[in-house]
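J.: Below is target_19.pdb; it holds PDB, C-alpha atoms.
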```pdb
ATOM      1  CA  MET A 295      16.754  -3.759  -5.220
ATOM      2  CA  GLN A 296      13.748  -5.131  -7.076
ATOM      3  CA  ILE A 297      10.496  -4.914  -5.095
ATOM      4  CA  LYS A 298       8.496  -8.138  -5.123
ATOM      5  CA  VAL A 299       4.822  -7.903  -5.946
ATOM      6  CA  TYR A 300       2.631  -8.459  -2.898
ATOM      7  CA  GLU A 301       0.173 -11.360  -3.188
ATOM      8  CA  HIS A 302      -3.162 -11.635  -1.411
ATOM      9  CA  GLU A 303      -5.423 -14.678  -1.609
ATOM     10  CA  CYS A 304      -9.032 -13.541  -1.335
ATOM     11  CA  LYS A 305     -10.748 -15.030   1.700
ATOM     12  CA  TYR A 306     -14.341 -16.196   1.944
ATOM     13  CA  TYR A 307     -15.161 -13.635   4.631
ATOM     14  CA  GLU A 308     -14.015 -10.861   2.260
ATOM     15  CA  THR A 309     -16.829 -11.665  -0.171
ATOM     16  CA  ASP A 310     -20.404 -10.409  -0.208
ATOM     17  CA  GLN A 311     -23.640 -12.293  -0.774
ATOM     18  CA  MET A 312     -22.888 -12.456  -4.513
ATOM     19  CA  GLY A 313     -19.535 -14.170  -3.893
ATOM     20  CA  VAL A 314     -17.622 -11.071  -5.010
ATOM     21  CA  VAL A 315     -14.850  -9.531  -2.911
ATOM     22  CA  HIS A 316     -16.474  -6.551  -1.188
ATOM     23  CA  HIS A 317     -15.126  -3.199  -2.381
ATOM     24  CA  SER A 318     -14.021  -2.104   1.102
ATOM     25  CA  ASN A 319     -11.452  -4.889   1.255
ATOM     26  CA  TYR A 320      -9.345  -3.436  -1.553
ATOM     27  CA  ILE A 321      -8.378  -0.600   0.801
ATOM     28  CA  ARG A 322      -7.152  -3.218   3.284
ATOM     29  CA  PHE A 323      -5.219  -4.994   0.526
ATOM     30  CA  MET A 324      -3.534  -1.702  -0.341
ATOM     31  CA  GLU A 325      -2.544  -1.239   3.308
ATOM     32  CA  GLU A 326      -1.111  -4.778   3.450
ATOM     33  CA  ALA A 327       0.895  -4.105   0.298
ATOM     34  CA  ARG A 328       2.179  -0.743   1.626
ATOM     35  CA  ILE A 329       3.407  -2.365   4.843
ATOM     36  CA  ASP A 330       5.059  -5.149   2.822
ATOM     37  CA  PHE A 331       6.740  -2.533   0.603
ATOM     38  CA  LEU A 332       8.182  -0.753   3.644
ATOM     39  CA  ASP A 333       9.424  -4.104   4.995
ATOM     40  CA  GLN A 334      11.115  -4.847   1.674
ATOM     41  CA  ILE A 335      12.965  -1.533   1.553
ATOM     42  CA  GLY A 336      14.243  -2.133   5.092
ATOM     43  CA  PHE A 337      11.929   0.161   7.047
ATOM     44  CA  PRO A 338       9.200  -1.880   8.740
ATOM     45  CA  MET A 339       6.466   0.251  10.261
ATOM     46  CA  ASP A 340       7.456  -0.731  13.808
ATOM     47  CA  VAL A 341      10.993   0.565  13.149
ATOM     48  CA  ILE A 342       9.633   3.850  11.751
ATOM     49  CA  GLU A 343       7.354   4.270  14.761
ATOM     50  CA  ALA A 344      10.192   3.395  17.168
ATOM     51  CA  GLY A 345      12.014   6.349  15.586
ATOM     52  CA  GLY A 346       9.178   8.608  16.748
ATOM     53  CA  VAL A 347       7.503   8.979  13.341
ATOM     54  CA  VAL A 348       4.020   7.932  12.273
ATOM     55  CA  SER A 349       2.568   8.070   8.791
ATOM     56  CA  PRO A 350      -1.217   8.495   8.775
ATOM     57  CA  VAL A 351      -3.362   8.167   5.685
ATOM     58  CA  VAL A 352      -4.553  11.601   4.550
ATOM     59  CA  GLY A 353      -6.313  10.467   1.381
ATOM     60  CA  ILE A 354      -7.287   7.282  -0.416
ATOM     61  CA  ASN A 355      -8.996   6.286  -3.619
ATOM     62  CA  CYS A 356      -9.655   3.077  -5.464
ATOM     63  CA  GLN A 357     -11.077   2.430  -8.906
ATOM     64  CA  TYR A 358     -12.588  -0.979  -9.456
ATOM     65  CA  LYS A 359     -11.986  -2.468 -12.899
ATOM     66  CA  ASN A 360     -13.136  -6.109 -12.605
ATOM     67  CA  MET A 361     -14.520  -8.334  -9.868
ATOM     68  CA  SER A 362     -12.448 -10.620  -7.649
ATOM     69  CA  TYR A 363     -13.785 -13.790  -6.072
ATOM     70  CA  PHE A 364     -13.063 -16.174  -3.204
ATOM     71  CA  LYS A 365      -9.664 -17.882  -3.654
ATOM     72  CA  ASP A 366      -8.485 -15.472  -6.372
ATOM     73  CA  VAL A 367      -4.903 -14.410  -5.797
ATOM     74  CA  LEU A 368      -4.296 -10.726  -6.374
ATOM     75  CA  CYS A 369      -0.831  -9.486  -7.279
ATOM     76  CA  ILE A 370      -0.445  -5.969  -5.951
ATOM     77  CA  LYS A 371       2.255  -3.808  -7.480
ATOM     78  CA  VAL A 372       3.260  -0.884  -5.250
ATOM     79  CA  PHE A 373       5.098   2.217  -6.413
ATOM     80  CA  ILE A 374       5.794   5.666  -5.009
ATOM     81  CA  LYS A 375       4.062   8.278  -7.125
ATOM     82  CA  GLU A 376       5.139  11.410  -5.247
ATOM     83  CA  TYR A 377       7.432  12.213  -2.358
ATOM     84  CA  SER A 378       8.221  15.634  -0.882
ATOM     85  CA  GLY A 379       9.976  14.743   2.362
ATOM     86  CA  VAL A 380       6.816  15.526   4.340
ATOM     87  CA  ARG A 381       4.133  13.840   2.226
ATOM     88  CA  PHE A 382       4.082  10.920  -0.161
ATOM     89  CA  SER A 383       1.595   9.033  -2.267
ATOM     90  CA  ILE A 384       1.701   5.394  -3.233
ATOM     91  CA  GLY A 385       0.109   3.853  -6.298
ATOM     92  CA  TYR A 386      -1.301   0.333  -6.418
ATOM     93  CA  GLU A 387      -2.144  -1.940  -9.337
ATOM     94  CA  MET A 388      -4.075  -5.071  -8.374
ATOM     95  CA  SER A 389      -4.195  -7.878 -10.942
ATOM     96  CA  ASP A 390      -5.343 -11.477 -10.967
ATOM     97  CA  LYS A 391      -2.338 -13.781 -10.631
ATOM     98  CA  LYS A 392      -3.722 -16.429 -12.998
ATOM     99  CA  THR A 393      -5.067 -14.250 -15.797
ATOM    100  CA  GLY A 394      -3.191 -10.973 -15.332
ATOM    101  CA  GLN A 395      -6.519  -9.146 -15.568
ATOM    102  CA  LEU A 396      -6.446  -5.758 -13.842
ATOM    103  CA  ARG A 397      -8.933  -5.785 -10.958
ATOM    104  CA  ALA A 398      -8.362  -2.398  -9.321
ATOM    105  CA  VAL A 399      -6.041   0.582  -9.170
ATOM    106  CA  GLY A 400      -5.616   2.835  -6.190
ATOM    107  CA  GLU A 401      -3.631   5.515  -4.479
ATOM    108  CA  SER A 402      -3.023   6.382  -0.847
ATOM    109  CA  SER A 403      -1.573   9.666   0.406
ATOM    110  CA  HIS A 404       0.344   9.954   3.670
ATOM    111  CA  CYS A 405       2.311  12.454   5.688
ATOM    112  CA  PHE A 406       5.026  12.126   8.312
ATOM    113  CA  ILE A 407       4.342  13.430  11.801
ATOM    114  CA  THR A 408       5.505  12.873  15.353
ATOM    115  CA  LYS A 409       3.285  10.852  17.670
ATOM    116  CA  GLU A 410       2.189  14.217  19.066
ATOM    117  CA  GLY A 411       0.976  15.305  15.630
ATOM    118  CA  LYS A 412       3.766  17.704  14.626
ATOM    119  CA  ILE A 413       4.764  17.585  10.930
ATOM    120  CA  VAL A 414       8.341  16.420  10.352
ATOM    121  CA  MET A 415      10.802  16.626   7.488
ATOM    122  CA  LEU A 416      11.873  13.030   7.034
ATOM    123  CA  ARG A 417      15.364  13.953   5.820
ATOM    124  CA  LYS A 418      16.023  15.519   9.241
ATOM    125  CA  VAL A 419      14.627  12.797  11.497
ATOM    126  CA  MET A 420      15.113   9.630   9.395
ATOM    127  CA  PRO A 421      17.528  10.423   6.559
ATOM    128  CA  GLU A 422      17.952   6.738   5.604
ATOM    129  CA  LEU A 423      14.207   6.340   5.019
ATOM    130  CA  ASP A 424      14.148   9.644   3.138
ATOM    131  CA  GLN A 425      16.846   8.322   0.805
ATOM    132  CA  ALA A 426      15.103   4.950   0.352
ATOM    133  CA  LEU A 427      11.806   6.596  -0.618
ATOM    134  CA  LYS A 428      13.589   8.809  -3.150
ATOM    135  CA  GLU A 429      15.229   5.711  -4.654
ATOM    136  CA  TYR A 430      11.894   3.958  -5.215
ATOM    137  CA  MET A 431       9.991   6.830  -6.814
ATOM    138  CA  SER A 432       8.655   5.857 -10.211
TER     139      SER A 432
END
```
Would you mind writing the structure in this file as structure tokens?
T.:
Amino acid sequence: MQIKVYEHECKYYETDQMGVVHHSNYIRFMEEARIDFLDQIGFPMDVIEAGGVVSPVVGINCQYKNMSYFKDVLCIKVFIKEYSGVRFSIGYEMSDKKTGQLRAVGESSHCFITKEGKIVMLRKVMPELDQALKEYMS
């Protein structure tokens, strides 16, 4: 299945005094795109959590390439960079929809744990999600 690029239209409240999208918002855009990715592969976050698994962020980084402004539409490509069954990292490429100009690249790292904080092997507790994540590794 082909994953659709996530689109985010930059809101006025996401900009700073200079009219530029504030850097902190790119982290939020990455989170939106990650949740959309999980929805697209058939594992919405509420379904994962109902299965007793949570996936906290353990690391994040973002490199800003060009500025985004109010009303710009960012196309966010999501791809799995690494997956071990316990941890995974997702890459993000954020580009302007109109021009294709790269605005930012990022990566978030996550692990799988129970709601009580115990590390889990996904293949044992959610084998279907384990298989889906392996399928979408780049």
J.: Just how far from CA of Phe406 (chain A) is CA of Pro350 (chain A), in Å to one decimal?
T.: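 Pair CA of Pro350 (chain A) / CA of Phe406 (chain A) returns 7.2 Å.
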J.: Check the smallest atom-to-atom distance from each of A:Val351, A:Leu427, A:Leu416, A:Met388 to His404 (chain A) using only C-alpha atoms, then report the winner.
T.: A:Val351
J.: Compile a residue-level contact table for region 295-328 of chain A against region 396-403 of chain A at a cut-off of 12 Å, reporting for every qualifying residue the shortest atom pair and its distance in Å to one decimal, with only C-alpha atoms counted, rows ordered by chain and ascending number, as a Markdown table.
T.:
```
| residue | atom | partner | partner_atom | distance |
| --- | --- | --- | --- | --- |
| A:Val314 | CA | A:Arg397 | CA | 11.8 |
| A:Val315 | CA | A:Arg397 | CA | 10.7 |
| A:His317 | CA | A:Ala398 | CA | 9.7 |
| A:Ser318 | CA | A:Ala398 | CA | 11.9 |
| A:Asn319 | CA | A:Ala398 | CA | 11.3 |
| A:Tyr320 | CA | A:Ala398 | CA | 7.9 |
| A:Ile321 | CA | A:Gly400 | CA | 8.3 |
| A:Arg322 | CA | A:Ser402 | CA | 11.2 |
| A:Phe323 | CA | A:Gly400 | CA | 10.3 |
| A:Met324 | CA | A:Gly400 | CA | 7.7 |
| A:Glu325 | CA | A:Ser402 | CA | 8.7 |
| A:Ala327 | CA | A:Ser402 | CA | 11.3 |
| A:Arg328 | CA | A:Ser402 | CA | 9.2 |
```
J.: Quick one, how far is CA of Asp366 (chain A) from CA of Lys298 (chain A)?
T.: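 Between CA of Asp366 (chain A) and CA of Lys298 (chain A) the gap works out to 18.5 Å.
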J.: So, with all atoms listed in the file as the atoms that count, which of A:Val347, A:Val299, A:Ile342, A:Ile354 lies closest to Ile384 (chain A)?
T.: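 Nearest candidate to Ile384 (chain A) out of A:Val347, A:Val299, A:Ile342, A:Ile354: A:Ile354.
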J.: If you count all atoms listed in the file, which residues fall within 8 Å of Lys391 (chain A), apart from same-chain ones fewer than 2 positions away, as a list in words?
T.: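 The neighbour list is Asp366, Val367, Leu368, Cys369, Ser389, Thr393, Gly394 and Gln395 of chain A.
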J.: Choose the residue, out of A:Gln296, A:Gln425, A:Lys409, A:Tyr358, that has the smallest atom-to-atom separation from Lys371 (chain A); count all atoms listed in the file.
T.: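 Between A:Gln296, A:Gln425, A:Lys409, A:Tyr358, the residue approaching Lys371 (chain A) most closely is A:Gln296.
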J.: For CA of Gln357 (chain A) and CA of Glu387 (chain A), quote the distance in Å rounded to one decimal.
T.: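 Value for the CA of Gln357 (chain A)-CA of Glu387 (chain A) distance: 10.0 Å.
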J.: Run the PyMOL selection byres ((chain A and resi 345) around 12) mentally over the shown coordinates, then write out the matched residues as a PyMOL selection string, using the chain letters and numbers from the document.
T.: chain A and resi 337-344+346-349+406-409+414+416+418-423
J.: Choose the residue, out of A:Cys304, A:Val372, A:Val352, A:Met361, that has the smallest atom-to-atom separation from Ile329 (chain A); count all atoms listed in the file.
T.: A:Val372
J.: Output, as lines of an AutoDock Vina configuration file, the centre and edge lengths in Å (one decimal) of the axis-aligned box that contains all listed atoms of region 295-300 of chain A with 8 Å of margin on each side.
T.:
```
center_x = 9.7
center_y = -6.1
center_z = -5.0
size_x = 30.1
size_y = 20.7
size_z = 20.2
```
J.: Out of A:Ser383, A:Met295, A:Glu303, A:Asp390, which residue has the shortest atom-to-atom distance to Ile335 (chain A) when counting all atoms listed in the file?
T.: A:Met295
J.: Measuring atom to atom with all atoms listed in the file, identify which of A:Phe364, A:Glu429, A:Arg381, A:Asp333 is nearest to Gly313 (chain A).
T.: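 Closest candidate: A:Phe364.
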J.: Applying the PyMOL selection byres ((chain A and resi 431) around 10) to the file I just gave you, which residues come out? Please list them as an mmCIF file with C-alpha atoms, in the coordinates of the input.
T.:
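Now in part-v4.cif:
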```cif
data_model
loop_
_atom_site.group_PDB
_atom_site.id
_atom_site.type_symbol
_atom_site.label_atom_id
_atom_site.label_comp_id
_atom_site.auth_asym_id
_atom_site.auth_seq_id
_atom_site.Cartn_x
_atom_site.Cartn_y
_atom_site.Cartn_z
ATOM 1 C CA PHE A 373 5.098 2.217 -6.413
ATOM 2 C CA ILE A 374 5.794 5.666 -5.009
ATOM 3 C CA LYS A 375 4.062 8.278 -7.125
ATOM 4 C CA GLU A 376 5.139 11.410 -5.247
ATOM 5 C CA TYR A 377 7.432 12.213 -2.358
ATOM 6 C CA PHE A 382 4.082 10.920 -0.161
ATOM 7 C CA SER A 383 1.595 9.033 -2.267
ATOM 8 C CA ILE A 384 1.701 5.394 -3.233
ATOM 9 C CA ALA A 426 15.103 4.950 0.352
ATOM 10 C CA LEU A 427 11.806 6.596 -0.618
ATOM 11 C CA LYS A 428 13.589 8.809 -3.150
ATOM 12 C CA GLU A 429 15.229 5.711 -4.654
ATOM 13 C CA TYR A 430 11.894 3.958 -5.215
ATOM 14 C CA SER A 432 8.655 5.857 -10.211
#
```
